[in-house]
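A.B. asks: Got a file for you: run_8.cif, mmCIF, C-alpha atoms.
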```
data_upload
loop_
_atom_site.group_PDB
_atom_site.id
_atom_site.type_symbol
_atom_site.label_atom_id
_atom_site.label_comp_id
_atom_site.auth_asym_id
_atom_site.auth_seq_id
_atom_site.Cartn_x
_atom_site.Cartn_y
_atom_site.Cartn_z
ATOM 1 C CA MET Z 1 -92.459 -4.270 -21.141
ATOM 2 C CA LYS Z 2 -93.989 -5.053 -17.741
ATOM 3 C CA LYS Z 3 -96.960 -7.384 -17.359
ATOM 4 C CA LEU Z 4 -98.888 -8.477 -14.300
ATOM 5 C CA ILE Z 5 -100.426 -11.809 -13.242
ATOM 6 C CA HIS Z 6 -101.436 -12.892 -9.764
ATOM 7 C CA PHE Z 7 -102.249 -16.235 -8.090
ATOM 8 C CA LEU Z 8 -103.558 -17.423 -4.601
ATOM 9 C CA ILE Z 9 -103.404 -20.827 -2.803
ATOM 10 C CA ALA Z 10 -105.277 -21.978 0.359
ATOM 11 C CA SER Z 11 -105.092 -25.347 2.104
ATOM 12 C CA THR Z 12 -107.296 -27.074 4.653
ATOM 13 C CA LEU Z 13 -104.593 -29.343 6.077
ATOM 14 C CA PRO Z 14 -103.760 -28.957 9.764
ATOM 15 C CA ALA Z 15 -100.585 -27.119 10.711
ATOM 16 C CA VAL Z 16 -97.569 -28.845 12.175
ATOM 17 C CA ALA Z 17 -96.143 -26.979 15.175
ATOM 18 C CA LEU Z 18 -92.513 -26.458 14.146
ATOM 19 C CA ALA Z 19 -91.607 -22.850 14.779
ATOM 20 C CA GLN Z 20 -88.025 -22.503 13.529
ATOM 21 C CA THR Z 21 -87.499 -25.162 10.843
ATOM 22 C CA LEU Z 22 -89.062 -25.966 7.485
ATOM 23 C CA ASN Z 23 -89.092 -29.743 7.167
ATOM 24 C CA ALA Z 24 -89.708 -31.990 4.167
ATOM 25 C CA PRO Z 25 -93.423 -32.113 3.271
ATOM 26 C CA VAL Z 26 -95.641 -35.168 3.475
ATOM 27 C CA VAL Z 27 -96.603 -36.168 -0.082
ATOM 28 C CA GLN Z 28 -99.021 -38.917 -1.116
ATOM 29 C CA ALA Z 29 -99.713 -40.289 -4.576
ATOM 30 C CA GLY Z 30 -102.666 -38.474 -6.111
ATOM 31 C CA ASP Z 31 -102.406 -35.250 -4.082
ATOM 32 C CA TYR Z 32 -103.989 -32.459 -6.103
ATOM 33 C CA PHE Z 33 -104.310 -28.738 -5.646
ATOM 34 C CA SER Z 34 -106.221 -25.830 -7.088
ATOM 35 C CA ILE Z 35 -104.427 -22.547 -7.814
ATOM 36 C CA ALA Z 36 -106.299 -19.301 -8.409
ATOM 37 C CA ILE Z 37 -105.401 -15.881 -9.784
ATOM 38 C CA GLY Z 38 -105.825 -12.989 -7.390
ATOM 39 C CA GLU Z 39 -104.930 -9.335 -7.017
ATOM 40 C CA PRO Z 40 -101.254 -8.530 -6.286
ATOM 41 C CA GLN Z 41 -99.941 -7.057 -3.101
ATOM 42 C CA ASP Z 42 -96.635 -6.520 -1.336
ATOM 43 C CA PRO Z 43 -95.188 -9.765 0.095
ATOM 44 C CA GLY Z 44 -94.673 -8.183 3.518
ATOM 45 C CA GLU Z 45 -91.715 -8.181 5.850
ATOM 46 C CA ALA Z 46 -89.222 -10.879 6.728
ATOM 47 C CA GLY Z 47 -88.512 -11.847 10.337
ATOM 48 C CA ALA Z 48 -89.622 -14.057 13.205
ATOM 49 C CA ASN Z 49 -93.235 -14.481 14.363
ATOM 50 C CA VAL Z 50 -94.618 -12.251 11.602
ATOM 51 C CA LEU Z 51 -98.335 -11.937 10.829
ATOM 52 C CA TRP Z 52 -98.848 -11.724 7.051
ATOM 53 C CA ASP Z 53 -102.253 -10.390 6.002
ATOM 54 C CA TYR Z 54 -103.668 -11.622 2.679
ATOM 55 C CA THR Z 55 -107.333 -11.409 3.643
ATOM 56 C CA GLY Z 56 -108.023 -8.996 0.771
ATOM 57 C CA LEU Z 57 -107.123 -11.482 -1.969
ATOM 58 C CA THR Z 58 -109.872 -12.374 -4.415
ATOM 59 C CA ALA Z 59 -109.824 -15.196 -6.958
ATOM 60 C CA SER Z 60 -110.727 -14.589 -10.587
ATOM 61 C CA GLN Z 61 -109.669 -17.819 -12.317
ATOM 62 C CA ASN Z 62 -108.081 -21.109 -11.322
ATOM 63 C CA TYR Z 63 -106.387 -24.237 -12.600
ATOM 64 C CA ASN Z 64 -105.420 -27.535 -11.007
ATOM 65 C CA GLY Z 65 -102.323 -29.667 -10.598
ATOM 66 C CA GLN Z 66 -101.597 -33.137 -9.295
ATOM 67 C CA ILE Z 67 -98.628 -34.947 -7.723
ATOM 68 C CA VAL Z 68 -97.992 -38.555 -8.778
ATOM 69 C CA PRO Z 69 -95.060 -40.989 -8.352
ATOM 70 C CA SER Z 70 -92.299 -40.850 -10.963
ATOM 71 C CA VAL Z 71 -92.389 -44.646 -11.242
ATOM 72 C CA PRO Z 72 -94.177 -45.903 -13.204
ATOM 73 C CA SER Z 73 -94.246 -43.138 -15.818
ATOM 74 C CA THR Z 74 -93.599 -42.859 -19.537
ATOM 75 C CA TYR Z 75 -90.303 -41.006 -19.087
ATOM 76 C CA GLN Z 76 -89.101 -42.601 -15.854
ATOM 77 C CA ASP Z 77 -85.790 -43.681 -17.444
ATOM 78 C CA ASP Z 78 -84.926 -40.013 -18.107
ATOM 79 C CA TYR Z 79 -85.340 -39.167 -14.400
ATOM 80 C CA PRO Z 80 -83.959 -42.115 -12.393
ATOM 81 C CA ASP Z 81 -83.264 -40.037 -9.254
ATOM 82 C CA ALA Z 82 -86.609 -38.227 -9.066
ATOM 83 C CA SER Z 83 -89.395 -39.461 -6.799
ATOM 84 C CA TRP Z 84 -92.397 -37.334 -7.787
ATOM 85 C CA ILE Z 85 -94.037 -35.726 -10.805
ATOM 86 C CA MET Z 86 -96.024 -32.513 -10.652
ATOM 87 C CA GLU Z 87 -98.557 -32.773 -13.482
ATOM 88 C CA LEU Z 88 -100.109 -29.700 -15.072
ATOM 89 C CA VAL Z 89 -102.427 -30.652 -17.945
ATOM 90 C CA GLY Z 90 -100.197 -33.078 -19.787
ATOM 91 C CA ASN Z 91 -96.915 -31.448 -18.828
ATOM 92 C CA GLN Z 92 -94.839 -33.252 -16.214
ATOM 93 C CA TYR Z 93 -92.151 -31.830 -13.914
ATOM 94 C CA TYR Z 94 -89.906 -34.183 -11.939
ATOM 95 C CA TYR Z 95 -88.960 -33.400 -8.326
ATOM 96 C CA ASN Z 96 -87.757 -34.669 -5.024
ATOM 97 C CA PHE Z 97 -89.736 -33.098 -2.178
ATOM 98 C CA GLY Z 98 -87.451 -34.625 0.438
ATOM 99 C CA PRO Z 99 -86.616 -36.250 2.711
ATOM 100 C CA GLU Z 100 -83.183 -34.653 2.320
ATOM 101 C CA ALA Z 101 -83.657 -32.001 -0.369
ATOM 102 C CA PHE Z 102 -86.063 -30.076 -2.550
ATOM 103 C CA GLU Z 103 -84.658 -30.493 -6.059
ATOM 104 C CA TYR Z 104 -85.782 -30.301 -9.684
ATOM 105 C CA PHE Z 105 -84.751 -32.735 -12.436
ATOM 106 C CA GLY Z 106 -86.384 -31.208 -15.529
ATOM 107 C CA GLY Z 107 -89.645 -32.031 -17.221
ATOM 108 C CA VAL Z 108 -91.757 -33.084 -20.180
ATOM 109 C CA GLU Z 109 -93.482 -30.321 -22.123
ATOM 110 C CA ASN Z 110 -95.668 -30.982 -25.164
ATOM 111 C CA GLY Z 111 -94.421 -34.576 -25.228
ATOM 112 C CA ILE Z 112 -90.723 -33.618 -25.292
ATOM 113 C CA SER Z 113 -88.490 -34.578 -22.345
ATOM 114 C CA TYR Z 114 -85.824 -32.185 -21.038
ATOM 115 C CA PRO Z 115 -83.937 -34.150 -18.357
ATOM 116 C CA TYR Z 116 -81.240 -32.485 -16.257
ATOM 117 C CA GLN Z 117 -78.000 -34.391 -15.781
ATOM 118 C CA ASP Z 118 -77.219 -31.992 -12.928
ATOM 119 C CA PRO Z 119 -80.445 -31.347 -10.960
ATOM 120 C CA GLU Z 120 -81.254 -27.949 -9.511
ATOM 121 C CA LEU Z 121 -81.103 -28.048 -5.716
ATOM 122 C CA PHE Z 122 -83.334 -25.360 -4.205
ATOM 123 C CA TYR Z 123 -82.470 -26.139 -0.573
ATOM 124 C CA SER Z 124 -81.821 -29.000 1.809
ATOM 125 C CA TYR Z 125 -84.051 -30.224 4.647
ATOM 126 C CA PRO Z 126 -84.321 -29.259 7.401
ATOM 127 C CA PHE Z 127 -84.191 -25.644 6.185
ATOM 128 C CA GLU Z 128 -83.592 -23.531 9.269
ATOM 129 C CA PHE Z 129 -84.921 -19.998 9.741
ATOM 130 C CA GLU Z 130 -82.247 -17.394 8.782
ATOM 131 C CA SER Z 131 -80.245 -19.954 6.800
ATOM 132 C CA THR Z 132 -79.339 -19.705 3.109
ATOM 133 C CA HIS Z 133 -78.460 -22.098 0.298
ATOM 134 C CA SER Z 134 -76.548 -21.705 -3.001
ATOM 135 C CA ASP Z 135 -76.443 -24.044 -5.983
ATOM 136 C CA GLU Z 136 -74.966 -24.137 -9.485
ATOM 137 C CA SER Z 137 -76.419 -26.451 -12.125
ATOM 138 C CA PHE Z 138 -75.040 -27.150 -15.624
ATOM 139 C CA ASN Z 139 -76.927 -29.151 -18.271
ATOM 140 C CA SER Z 140 -76.871 -29.934 -21.978
ATOM 141 C CA LEU Z 141 -80.337 -29.957 -23.556
ATOM 142 C CA THR Z 142 -81.944 -30.219 -26.955
ATOM 143 C CA ILE Z 143 -84.763 -27.704 -27.292
ATOM 144 C CA GLN Z 144 -86.775 -27.711 -30.516
ATOM 145 C CA GLY Z 145 -83.911 -29.512 -32.263
ATOM 146 C CA LEU Z 146 -81.328 -26.983 -31.067
ATOM 147 C CA ALA Z 147 -78.395 -27.902 -28.789
ATOM 148 C CA VAL Z 148 -78.509 -25.691 -25.686
ATOM 149 C CA GLU Z 149 -76.044 -25.341 -22.815
ATOM 150 C CA ARG Z 150 -77.972 -24.291 -19.708
ATOM 151 C CA SER Z 151 -76.421 -22.935 -16.531
ATOM 152 C CA ILE Z 152 -78.545 -22.147 -13.471
ATOM 153 C CA SER Z 153 -77.484 -20.174 -10.418
ATOM 154 C CA THR Z 154 -79.842 -20.540 -7.450
ATOM 155 C CA GLU Z 155 -79.817 -18.574 -4.197
ATOM 156 C CA SER Z 156 -82.380 -19.467 -1.498
ATOM 157 C CA ALA Z 157 -83.076 -17.965 1.914
ATOM 158 C CA ASN Z 158 -85.427 -18.856 4.759
ATOM 159 C CA ASP Z 159 -86.020 -15.294 5.944
ATOM 160 C CA GLY Z 160 -89.281 -15.423 7.869
ATOM 161 C CA HIS Z 161 -91.749 -17.511 9.842
ATOM 162 C CA GLY Z 162 -95.115 -16.816 11.379
ATOM 163 C CA THR Z 163 -98.839 -16.817 10.610
ATOM 164 C CA LEU Z 164 -100.589 -16.264 7.293
ATOM 165 C CA ASN Z 165 -104.130 -14.856 7.246
ATOM 166 C CA MET Z 166 -106.078 -15.707 4.097
ATOM 167 C CA PRO Z 167 -109.589 -14.871 2.831
ATOM 168 C CA ASN Z 168 -112.664 -16.449 4.422
ATOM 169 C CA GLU Z 169 -110.961 -16.487 7.844
ATOM 170 C CA GLN Z 170 -108.510 -19.159 6.693
ATOM 171 C CA VAL Z 171 -105.439 -19.067 8.951
ATOM 172 C CA TYR Z 172 -102.141 -20.882 8.375
ATOM 173 C CA GLU Z 173 -99.813 -21.347 11.311
ATOM 174 C CA ASP Z 174 -96.188 -22.478 11.114
ATOM 175 C CA VAL Z 175 -95.602 -20.766 7.766
ATOM 176 C CA PHE Z 176 -92.142 -19.966 6.386
ATOM 177 C CA ARG Z 177 -91.227 -17.197 3.955
ATOM 178 C CA ILE Z 178 -88.750 -18.605 1.416
ATOM 179 C CA ARG Z 179 -86.954 -16.349 -1.057
ATOM 180 C CA ILE Z 180 -85.494 -17.973 -4.198
ATOM 181 C CA HIS Z 181 -83.470 -16.107 -6.813
ATOM 182 C CA ARG Z 182 -82.612 -18.038 -9.988
ATOM 183 C CA VAL Z 183 -80.621 -16.942 -13.040
ATOM 184 C CA ILE Z 184 -81.011 -19.325 -16.005
ATOM 185 C CA GLU Z 185 -78.685 -18.807 -18.970
ATOM 186 C CA ASP Z 186 -79.235 -20.716 -22.232
ATOM 187 C CA SER Z 187 -76.441 -20.599 -24.796
ATOM 188 C CA SER Z 188 -76.868 -21.877 -28.382
ATOM 189 C CA ILE Z 189 -75.876 -20.990 -31.915
ATOM 190 C CA THR Z 190 -78.679 -18.418 -31.926
ATOM 191 C CA GLY Z 191 -77.119 -16.517 -29.033
ATOM 192 C CA LEU Z 192 -77.579 -16.142 -25.283
ATOM 193 C CA SER Z 193 -80.894 -15.849 -23.487
ATOM 194 C CA THR Z 194 -81.243 -15.166 -19.765
ATOM 195 C CA THR Z 195 -84.228 -15.785 -17.518
ATOM 196 C CA GLU Z 196 -84.163 -14.272 -14.036
ATOM 197 C CA VAL Z 197 -86.734 -15.637 -11.594
ATOM 198 C CA VAL Z 198 -87.272 -13.985 -8.205
ATOM 199 C CA GLN Z 199 -89.822 -15.684 -5.952
ATOM 200 C CA THR Z 200 -91.172 -15.113 -2.464
ATOM 201 C CA MET Z 201 -93.052 -18.209 -1.306
ATOM 202 C CA PHE Z 202 -95.069 -18.792 1.849
ATOM 203 C CA ILE Z 203 -94.902 -22.493 2.712
ATOM 204 C CA GLN Z 204 -96.674 -24.243 5.557
ATOM 205 C CA ASN Z 205 -94.876 -27.139 7.179
ATOM 206 C CA GLY Z 206 -96.267 -30.411 5.870
ATOM 207 C CA ILE Z 207 -97.514 -29.190 2.443
ATOM 208 C CA ALA Z 208 -95.546 -29.572 -0.816
ATOM 209 C CA VAL Z 209 -97.261 -26.666 -2.628
ATOM 210 C CA PRO Z 210 -96.710 -23.062 -1.433
ATOM 211 C CA VAL Z 211 -99.718 -21.314 0.047
ATOM 212 C CA ILE Z 212 -98.720 -18.118 -1.789
ATOM 213 C CA THR Z 213 -96.085 -17.496 -4.452
ATOM 214 C CA HIS Z 214 -94.959 -14.073 -5.658
ATOM 215 C CA THR Z 215 -92.887 -14.243 -8.851
ATOM 216 C CA THR Z 216 -90.996 -11.698 -10.906
ATOM 217 C CA LEU Z 217 -89.835 -13.115 -14.240
ATOM 218 C CA ILE Z 218 -87.378 -11.175 -16.448
ATOM 219 C CA ILE Z 219 -86.578 -12.719 -19.840
ATOM 220 C CA THR Z 220 -83.784 -11.273 -21.970
ATOM 221 C CA THR Z 221 -83.194 -12.513 -25.507
ATOM 222 C CA PRO Z 222 -81.455 -10.972 -28.546
ATOM 223 C CA ALA Z 223 -84.887 -9.519 -29.415
ATOM 224 C CA GLY Z 224 -85.222 -7.602 -26.137
ATOM 225 C CA THR Z 225 -86.411 -7.910 -22.527
ATOM 226 C CA ASP Z 226 -89.838 -8.754 -21.127
ATOM 227 C CA GLU Z 227 -90.845 -8.605 -17.468
ATOM 228 C CA TYR Z 228 -93.775 -10.417 -15.844
ATOM 229 C CA GLU Z 229 -95.136 -10.395 -12.302
ATOM 230 C CA PHE Z 230 -97.203 -13.184 -10.746
ATOM 231 C CA LEU Z 231 -99.077 -13.788 -7.515
ATOM 232 C CA GLU Z 232 -100.377 -17.331 -6.998
ATOM 233 C CA PHE Z 233 -102.445 -18.714 -4.159
ATOM 234 C CA MET Z 234 -103.730 -22.194 -3.322
ATOM 235 C CA GLN Z 235 -107.470 -22.537 -2.992
ATOM 236 C CA SER Z 236 -107.479 -26.190 -1.990
ATOM 237 C CA TYR Z 237 -105.254 -29.193 -1.399
ATOM 238 C CA ALA Z 238 -106.595 -32.747 -1.297
ATOM 239 C CA VAL Z 239 -105.101 -36.242 -1.231
ATOM 240 C CA GLU Z 240 -105.592 -39.314 -3.423
ATOM 241 C CA VAL Z 241 -108.202 -38.110 -5.896
ATOM 242 C CA GLY Z 242 -108.721 -38.712 -9.612
ATOM 243 C CA VAL Z 243 -107.465 -36.516 -12.420
ATOM 244 C CA VAL Z 244 -109.009 -33.047 -12.399
ATOM 245 C CA GLU Z 245 -109.545 -31.178 -15.639
ATOM 246 C CA PRO Z 246 -108.044 -27.697 -15.265
ATOM 247 C CA ASP Z 247 -108.714 -24.410 -16.951
ATOM 248 C CA LEU Z 248 -106.389 -24.083 -19.959
ATOM 249 C CA PHE Z 249 -105.434 -20.430 -19.559
ATOM 250 C CA ALA Z 250 -105.835 -17.262 -17.547
ATOM 251 C CA MET Z 251 -105.853 -13.533 -18.409
ATOM 252 C CA TYR Z 252 -105.014 -10.522 -16.254
ATOM 253 C CA PRO Z 253 -106.137 -7.769 -15.840
ATOM 254 C CA ASN Z 254 -109.666 -8.143 -17.165
ATOM 255 C CA PRO Z 255 -111.186 -5.566 -17.799
ATOM 256 C CA SER Z 256 -108.131 -3.747 -19.134
ATOM 257 C CA THR Z 257 -107.120 -0.473 -20.751
ATOM 258 C CA ASP Z 258 -103.416 -1.262 -21.169
ATOM 259 C CA ASN Z 259 -101.480 -4.538 -21.325
ATOM 260 C CA VAL Z 260 -103.107 -7.948 -20.867
ATOM 261 C CA THR Z 261 -101.099 -10.987 -19.803
ATOM 262 C CA ILE Z 262 -102.132 -14.468 -20.973
ATOM 263 C CA LYS Z 263 -100.767 -17.507 -19.115
ATOM 264 C CA TRP Z 264 -101.533 -21.104 -20.052
ATOM 265 C CA ILE Z 265 -100.877 -24.439 -18.369
ATOM 266 C CA ASN Z 266 -100.317 -26.873 -21.222
ATOM 267 C CA LYS Z 267 -99.226 -25.816 -24.719
ATOM 268 C CA ALA Z 268 -100.636 -23.002 -26.837
ATOM 269 C CA ASP Z 269 -100.896 -24.031 -30.485
ATOM 270 C CA ALA Z 270 -102.809 -20.875 -31.343
ATOM 271 C CA ILE Z 271 -104.094 -17.791 -29.514
ATOM 272 C CA GLU Z 272 -106.628 -15.725 -31.450
ATOM 273 C CA ILE Z 273 -108.730 -12.743 -30.467
ATOM 274 C CA TYR Z 274 -112.058 -11.813 -32.092
ATOM 275 C CA ASP Z 275 -114.205 -8.705 -31.759
ATOM 276 C CA GLY Z 276 -117.921 -8.635 -31.007
ATOM 277 C CA ALA Z 277 -118.762 -9.174 -34.685
ATOM 278 C CA GLY Z 278 -116.662 -12.330 -34.871
ATOM 279 C CA ARG Z 279 -113.819 -10.752 -36.865
ATOM 280 C CA LEU Z 280 -110.247 -11.813 -36.127
ATOM 281 C CA VAL Z 281 -108.482 -8.907 -34.408
ATOM 282 C CA GLU Z 282 -105.122 -10.465 -33.612
ATOM 283 C CA SER Z 283 -103.250 -13.762 -33.698
ATOM 284 C CA VAL Z 284 -101.039 -13.598 -30.624
ATOM 285 C CA SER Z 285 -97.455 -14.799 -30.952
ATOM 286 C CA HIS Z 286 -95.377 -16.114 -28.068
ATOM 287 C CA CYS Z 287 -91.837 -17.233 -27.357
ATOM 288 C CA PRO Z 288 -91.429 -21.030 -27.775
ATOM 289 C CA GLY Z 289 -90.881 -22.775 -24.453
ATOM 290 C CA LEU Z 290 -92.659 -20.094 -22.394
ATOM 291 C CA ASN Z 291 -96.245 -20.388 -21.175
ATOM 292 C CA VAL Z 292 -96.908 -16.672 -20.914
ATOM 293 C CA THR Z 293 -97.321 -13.787 -23.356
ATOM 294 C CA GLY Z 294 -98.962 -10.386 -23.505
ATOM 295 C CA ILE Z 295 -101.045 -8.122 -25.724
ATOM 296 C CA ASP Z 296 -101.272 -4.327 -25.871
ATOM 297 C CA VAL Z 297 -104.917 -3.183 -26.067
ATOM 298 C CA ARG Z 298 -104.358 0.563 -25.665
ATOM 299 C CA ASP Z 299 -105.376 1.265 -29.280
ATOM 300 C CA TRP Z 300 -108.342 -1.132 -29.318
ATOM 301 C CA ASN Z 301 -111.925 0.081 -29.401
ATOM 302 C CA PRO Z 302 -113.735 -0.408 -26.085
ATOM 303 C CA GLY Z 303 -115.891 -3.498 -26.032
ATOM 304 C CA VAL Z 304 -116.067 -7.228 -25.370
ATOM 305 C CA TYR Z 305 -113.612 -9.477 -27.207
ATOM 306 C CA THR Z 306 -113.295 -13.262 -27.345
ATOM 307 C CA VAL Z 307 -109.905 -14.848 -26.651
ATOM 308 C CA SER Z 308 -109.550 -18.380 -28.017
ATOM 309 C CA LEU Z 309 -106.643 -20.665 -27.026
ATOM 310 C CA THR Z 310 -106.125 -23.940 -28.880
ATOM 311 C CA SER Z 311 -104.115 -26.671 -27.143
ATOM 312 C CA GLY Z 312 -104.052 -29.925 -29.080
ATOM 313 C CA LYS Z 313 -107.678 -31.009 -29.506
ATOM 314 C CA HIS Z 314 -108.912 -28.646 -26.783
ATOM 315 C CA VAL Z 315 -110.149 -25.109 -27.380
ATOM 316 C CA THR Z 316 -110.955 -22.725 -24.533
ATOM 317 C CA THR Z 317 -112.524 -19.289 -24.994
ATOM 318 C CA LYS Z 318 -112.841 -16.412 -22.544
ATOM 319 C CA LYS Z 319 -114.289 -12.933 -22.709
ATOM 320 C CA LEU Z 320 -111.909 -9.965 -22.536
ATOM 321 C CA VAL Z 321 -113.346 -6.537 -21.715
ATOM 322 C CA VAL Z 322 -111.444 -3.542 -23.093
ATOM 323 C CA GLU Z 323 -112.418 -0.233 -21.523
#
```
Could you render the structure from this file as structure tokens?
C.D. replies:
Amino acid sequence: MKKLIHFLIASTLPAVALAQTLNAPVVQAGDYFSIAIGEPQDPGEAGANVLWDYTGLTASQNYNGQIVPSVPSTYQDDYPDASWIMELVGNQYYYNFGPEAFEYFGGVENGISYPYQDPELFYSYPFEFESTHSDESFNSLTIQGLAVERSISTESANDGHGTLNMPNEQVYEDVFRIRIHRVIEDSSITGLSTTEVVQTMFIQNGIAVPVITHTTLIITTPAGTDEYEFLEFMQSYAVEVGVVEPDLFAMYPNPSTDNVTIKWINKADAIEIYDGAGRLVESVSHCPGLNVTGIDVRDWNPGVYTVSLTSGKHVTTKKLVVE
């Protein structure tokens, strides 16, 4: 089953003129960013001094994130070697954005902490053009009361640099194309599940958040295999601002005649879909621990439906058009 989502990101920070090397970004407490969903397109070619054209991207929905220091924080003792938290509506993900490495230490989802004893190292700084990086990470976790052994294989490559043209005549110089391929295997008494993540990211020197991220996500469990595709782009990046309330979820494509993908930022306690008369059409199930699911609307009557997502005390509704 193949499902599509797309995202766009655009920054207003000035470029740093470093043509051959991706250096550690400059991060300040309170930095926040807005990410929007846009139409997909091919990520373009690798190479030196490339001009990547994304001027045709359009935004349909967006959500926000914020970067804050890991100390003080509620779970700081679980992540003693992390420096920063990326917050997405109550969920927290612990990172180092440099100065020596870009690495991930695990996170807190729905109030449950999943710290890595062996952090995942994406790449070291400076990350030279045409260089590669490999990493193996092994961790013991408890997920929903179940003991899980997680192994992660990460392959990263800096395979391009150049200029990125975005909508509204926004131009990013000194941009690097970073390819990251991750294979995450979780082993427990229920069996083996594998998540393969392939990402192409366009990162401007000086900014912690990619300008554009293409993602292919393939999840294989004993129940079968699902595939998702994402395109994310940054609409804005600002420093030292207050907490921004984000949109709870996004849907794509809308209108639709086939499969619809639903992606949420925090947790999804319930996802329900109602027809124009207010009757419940479907209660959407999803895999625990994942923030994405899909629905097949091929047999639905054409019309306008209401999708309701409940996350804790918050309920967000959106209109879904089935053609």
A.B. asks: Can you tell me how far atom CA of Z:Gly38 sits from atom CA of Z:Thr58, in Å to one decimal?
C.D. replies: 5.1 Å
A.B. asks: If the PyMOL selection byres ((chain Z and resi 145-153) around 7) were run on this exact file, what residues would it hold? Put them as a PyMOL selection string.
C.D. replies: chain Z and resi 135-144+154-155+182-188
A.B. asks: Pull out every residue that the PyMOL selection byres ((chain Z and resi 297) around 10) matches in the shown coordinates and put them as a ChimeraX atom specification.
C.D. replies: /Z:256-260,294-296,298-302,322-323
A.B. asks: Could you check how far atom CA of Z:Leu121 sits from atom CA of Z:Glu103, in Å to one decimal?
C.D. replies: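 Pair atom CA of Z:Leu121 / atom CA of Z:Glu103 returns 4.3 Å.
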A.B. asks: Written as a list in words, what is the full residue list that the PyMOL selection byres ((chain Z and resi 81-86) around 6) yields on the file shown?
C.D. replies: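 Residues picked by the PyMOL selection byres ((chain Z and resi 81-86) around 6): Gln66, Ile67, Val68, Pro69, Ser70, Tyr79, Pro80, Glu87, Gln92, Tyr93, Tyr94, Tyr95 and Asn96 of chain Z.
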A.B. asks: Up to 12 Å from (-89.5, -8.1, -17.9) in the file's coordinates: name the residues, counting all atoms listed in the file, as a list in words.
C.D. replies: Met1, Lys2, Lys3, Leu4, Thr194, Thr195, Glu196, Val197, Val198, Thr215, Thr216, Leu217, Ile218, Ile219, Thr220, Thr221, Gly224, Thr225, Asp226, Glu227, Tyr228, Glu229, Phe230, Val292, Thr293 and Gly294 of chain Z
A.B. asks: Choose the residue, out of Z:Gly191, Z:Pro72, Z:Gly56, Z:Gly47, that has the smallest atom-to-atom separation from Z:His161; count all atoms listed in the file.
C.D. replies: Z:Gly47
A.B. asks: By how many Å are atom CA of Z:Tyr75 and atom CA of Z:Ser34 apart?
C.D. replies: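 Atom CA of Z:Ser34 lies at a distance of 25.1 Å from atom CA of Z:Tyr75.
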A.B. asks: Can you pull out every residue within 10 Å of Z:Gly303, counting all atoms listed in the file, but drop anything in the same chain fewer than 4 positions away, and send it as a PDB file with C-alpha atoms, in the frame of the given file?
C.D. replies:
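Ended up saving to around.pdb:
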```
ATOM      1  CA  PRO Z 255    -111.186  -5.566 -17.799  1.00  0.00           C
ATOM      2  CA  ASP Z 275    -114.205  -8.705 -31.759  1.00  0.00           C
ATOM      3  CA  GLY Z 276    -117.921  -8.635 -31.007  1.00  0.00           C
ATOM      4  CA  LEU Z 320    -111.909  -9.965 -22.536  1.00  0.00           C
ATOM      5  CA  VAL Z 321    -113.346  -6.537 -21.715  1.00  0.00           C
ATOM      6  CA  VAL Z 322    -111.444  -3.542 -23.093  1.00  0.00           C
ATOM      7  CA  GLU Z 323    -112.418  -0.233 -21.523  1.00  0.00           C
TER       8      GLU Z 323
END
```
A.B. asks: Which residue is closest to Z:Asn110? Choose from Z:Gly98, Z:Ser311, Z:Gly160, Z:Asn168 and count all atoms listed in the file.
C.D. replies: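 That would be Z:Ser311, the residue with the smallest distance to Z:Asn110.
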A.B. asks: Excluding same-chain residues fewer than 2 positions from Z:Ala46, what lies within 8 Å of it counting all atoms listed in the file, as an MDAnalysis selection string?
C.D. replies: chainID Z and resid 44 48 50 159:161 177
A.B. asks: Write out as a list of chain:residue names the residues lying within 12 Å of Z:Asp42, counting all atoms listed in the file and excluding same-chain residues fewer than 6 positions away.
C.D. replies: Z:His6, Z:Trp52, Z:Asp53, Z:Tyr54, Z:Gly56, Z:Leu57, Z:Thr200, Z:Ile212, Z:Thr213, Z:His214, Z:Thr215, Z:Glu229, Z:Phe230, Z:Leu231
A.B. asks: Hey, which of Z:Gly111, Z:Ser156, Z:Pro119, Z:Pro43 ends up closest to Z:Gly312? Count only C-alpha atoms.
C.D. replies: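 Counting only C-alpha atoms, the residue closest to Z:Gly312 is Z:Gly111.
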A.B. asks: Fewer than 3 positions away in the same chain doesn't count, so skip those; otherwise give me all residues within 10 Å of Z:Glu282, counting all atoms listed in the file, as a list in words.
C.D. replies: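 Within the cut-off, the hits are Ile271, Glu272, Ile273, Tyr274, Asp275, Arg279, Ser285, Ile295 and Val307 of chain Z.
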A.B. asks: For Z:Ser113, which residue out of Z:Gln20, Z:Leu280, Z:Gln76, Z:Phe129 is the nearest one, using only C-alpha atoms?
C.D. replies: Z:Gln76
A.B. asks: Near Z:Ala101, counting all atoms listed in the file, which residues have an atom at most 10 Å away, once you skip same-chain residues fewer than 3 positions from it, shown as a PyMOL selection string?
C.D. replies: chain Z and resi 23-24+95-98+104+121-127
A.B. asks: Centre and edge lengths of an axis-aligned box around all listed atoms of stretch 290-295 of chain Z, with 3 Å added on each side, are to be given in Å to one decimal, as lines of an AutoDock Vina configuration file.
C.D. replies:
```
center_x = -96.9
center_y = -14.3
center_z = -23.3
size_x = 14.4
size_y = 18.3
size_z = 10.8
```
